[in-house]
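Trainee: One structure, pasted below without further comment.
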Amino acid sequence: MAKPFNVDFIGIGSGKCGSTWFFENLVQHPEIFDGNPKEINYFSDLYDQHEFAWYESQFKGCDDRLLKGEFSVTYMYRPGTAERIRRHFPEAKIIAIVRDPVQRTFSDYLHAIRKGDIAGSTSFAEFIRNEEHLKFGCYTQYLEPFFASFPKEQIKIIVLEDFNRDYARGFREVYEFLGCQDVNFLPEGVEQRRNQARSYRFLFLENIMVRTYRMLAKSGYTRLTEVIKRTGVPELLRRLNVSSKPLPKIDPDSREVLSSYYSGEKKFVAELTGSNLSAWQ
């Protein structure tokens, strides 16, 4: 008799916090299914569009002896997501990644230019005048529903800056959290970053690529986008389009404004994780 479908872990965000790099390394562990999909967005954007059987089909081919799960950064931000996940997977391990919200907001700014959501001439100071652009660094309000829905023992909050200081320790703690036998496994190429911000010679080409990926993901073609990405063609096109022009930097006034705005988040994350957040200056 087949076992009921279940997932072992779900990553919920946050966006622009290294989730692509983290997930691609995590699934290299021999006890974790390497075909686990990323950015299904089922419990956030697609829950009313697809039956649960569609979600289950995204894990087709998974060996039941291996851990399976997914990582969709929209899960942290969409209302009702925590309750939906609990309804289907009350024992799932929840993973969230956070980083200095000032740096996260600046990364979001660069990504908004890359997506074509704002003009390339928009300054960071202009960008942060819109408070809608700041909300994603307010981790407290977005994590509270998950702590209300799951026991705290099932939730792991990763501070990206701490994780980056010692990859071996960071992954060991994650493997222990997930219940892996080999907790000392270190992924190959772990120091190679993914989705880093770049300057592009032809920004409109990057806008088209990102918008196409977004459209496919929102339509439920997650597996197709993963297949395309794994061919290496999108990354090759990006490398050919890279410019040597330096990226903009955070101006001192904007940094001061954001540091004040996010001061409560630093206190919240420090208490939650026990980190001194020394990198969050």
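Each chain in the structure tokens gets a letter, A, B and so on, in the order shown; residues start at 1 in every chain, and ligands are counted from 1 in the order they appear.
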Using only C-alpha atoms, what table do you get, as a tab-separated table, when you list each residue of region 162-260 of chain A with an atom no more than 9 Å from region 91-99 of chain A, its nearest pair of atoms, and their distance in Å rounded to one decimal, rows by chain then rising number?

Mentor:
```
residue	atom	partner	partner_atom	distance
A:Val174	CA	A:Ile95	CA	8.9
A:Phe177	CA	A:Lys93	CA	8.0
A:Leu178	CA	A:Lys93	CA	7.0
```

Trainee: Go ahead and save the residues from that selection, with N, CA, C and O atoms, as a short mmCIF file (atom, residue, chain, number, x, y, z; two decimals), in the first residue's frame.

Mentor:
```cif
data_model
loop_
_atom_site.label_atom_id
_atom_site.label_comp_id
_atom_site.auth_asym_id
_atom_site.auth_seq_id
_atom_site.Cartn_x
_atom_site.Cartn_y
_atom_site.Cartn_z
N VAL A 174 21.44 22.62 9.58
CA VAL A 174 20.24 22.38 8.77
C VAL A 174 20.00 20.88 8.63
O VAL A 174 18.86 20.40 8.77
N PHE A 177 18.58 19.56 11.75
CA PHE A 177 17.19 20.00 11.85
C PHE A 177 16.27 19.10 11.02
O PHE A 177 15.16 18.74 11.43
N LEU A 178 16.75 18.70 9.83
CA LEU A 178 15.95 17.87 8.93
C LEU A 178 16.01 16.39 9.28
O LEU A 178 15.23 15.60 8.74
#
```

Trainee: Just the residues within 9 Å of Ala168 (chain A), please, counting only C-alpha atoms, with nothing from its chain fewer than 4 positions along; format it as an MDAnalysis selection string.

Mentor: chainID A and resid 163 172:173 184:186

Trainee: Take the selection from the previous step and output its residues with N, CA and C atoms, as an mmCIF file, in the first residue's frame.

Mentor:
```
data_model
loop_
_atom_site.group_PDB
_atom_site.id
_atom_site.type_symbol
_atom_site.label_atom_id
_atom_site.label_comp_id
_atom_site.auth_asym_id
_atom_site.auth_seq_id
_atom_site.Cartn_x
_atom_site.Cartn_y
_atom_site.Cartn_z
ATOM 1 N N PHE A 163 25.399 32.324 8.444
ATOM 2 C CA PHE A 163 25.558 31.114 7.638
ATOM 3 C C PHE A 163 26.762 31.241 6.715
ATOM 4 N N ARG A 172 25.486 21.852 8.525
ATOM 5 C CA ARG A 172 25.369 20.800 9.540
ATOM 6 C C ARG A 172 24.136 21.039 10.407
ATOM 7 N N GLU A 173 23.908 22.282 10.809
ATOM 8 C CA GLU A 173 22.741 22.591 11.637
ATOM 9 C C GLU A 173 21.441 22.344 10.880
ATOM 10 N N ASN A 184 27.606 15.944 8.234
ATOM 11 C CA ASN A 184 28.872 16.613 7.912
ATOM 12 C C ASN A 184 29.091 16.753 6.409
ATOM 13 N N PHE A 185 28.088 16.401 5.623
ATOM 14 C CA PHE A 185 28.201 16.526 4.166
ATOM 15 C C PHE A 185 28.301 18.001 3.785
ATOM 16 N N LEU A 186 29.265 18.325 2.911
ATOM 17 C CA LEU A 186 29.413 19.698 2.431
ATOM 18 C C LEU A 186 29.213 19.706 0.921
#
```

Trainee: Which residues in region 105-199 of chain A does DSSP call alpha helix (DSSP H)? List them as a count of residues only.

Mentor: 44

Trainee: Could you check which of A:Lys218, A:Lys249, A:Arg255, A:Arg65 is closest to Gln49 (chain A), using only C-alpha atoms?

Mentor: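 Nearest candidate to Gln49 (chain A) out of A:Lys218, A:Lys249, A:Arg255, A:Arg65: A:Lys218.
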
Trainee: Produce a table with one row for each residue of region 113-187 of chain A that has an atom at most 10 Å from any atom of region 68-84 of chain A, each row naming the nearest atom pair and its distance in Å at one decimal; use only C-alpha atoms; arrange rows by chain and rising residue number; format as JSON lines.

Mentor:
```
{"residue": "A:Lys135", "atom": "CA", "partner": "A:Tyr77", "partner_atom": "CA", "distance": 9.4}
{"residue": "A:Phe136", "atom": "CA", "partner": "A:Tyr77", "partner_atom": "CA", "distance": 7.6}
{"residue": "A:Tyr139", "atom": "CA", "partner": "A:Met76", "partner_atom": "CA", "distance": 8.7}
{"residue": "A:Gln141", "atom": "CA", "partner": "A:Tyr77", "partner_atom": "CA", "distance": 9.0}
{"residue": "A:Tyr142", "atom": "CA", "partner": "A:Met76", "partner_atom": "CA", "distance": 5.8}
{"residue": "A:Leu143", "atom": "CA", "partner": "A:Met76", "partner_atom": "CA", "distance": 6.8}
{"residue": "A:Glu144", "atom": "CA", "partner": "A:Ala82", "partner_atom": "CA", "distance": 9.4}
{"residue": "A:Pro145", "atom": "CA", "partner": "A:Ala82", "partner_atom": "CA", "distance": 6.1}
{"residue": "A:Phe146", "atom": "CA", "partner": "A:Ala82", "partner_atom": "CA", "distance": 5.3}
{"residue": "A:Phe147", "atom": "CA", "partner": "A:Ala82", "partner_atom": "CA", "distance": 8.8}
{"residue": "A:Ala148", "atom": "CA", "partner": "A:Ala82", "partner_atom": "CA", "distance": 8.6}
{"residue": "A:Ser149", "atom": "CA", "partner": "A:Glu83", "partner_atom": "CA", "distance": 6.3}
{"residue": "A:Phe150", "atom": "CA", "partner": "A:Ala82", "partner_atom": "CA", "distance": 8.4}
```

Trainee: Using backbone DSSP assignments, extract all strand (DSSP E or B) residues from region 80-147 of chain A; output them as number ranges by chain.

Mentor: A: 93-98

Trainee: Taking into account only C-alpha atoms, which residue in the set A:Asn164, A:Cys17, A:Lys152, A:Thr212 is nearest to Leu224 (chain A)?

Mentor: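 For Leu224 (chain A), the nearest of the given residues is A:Thr212.
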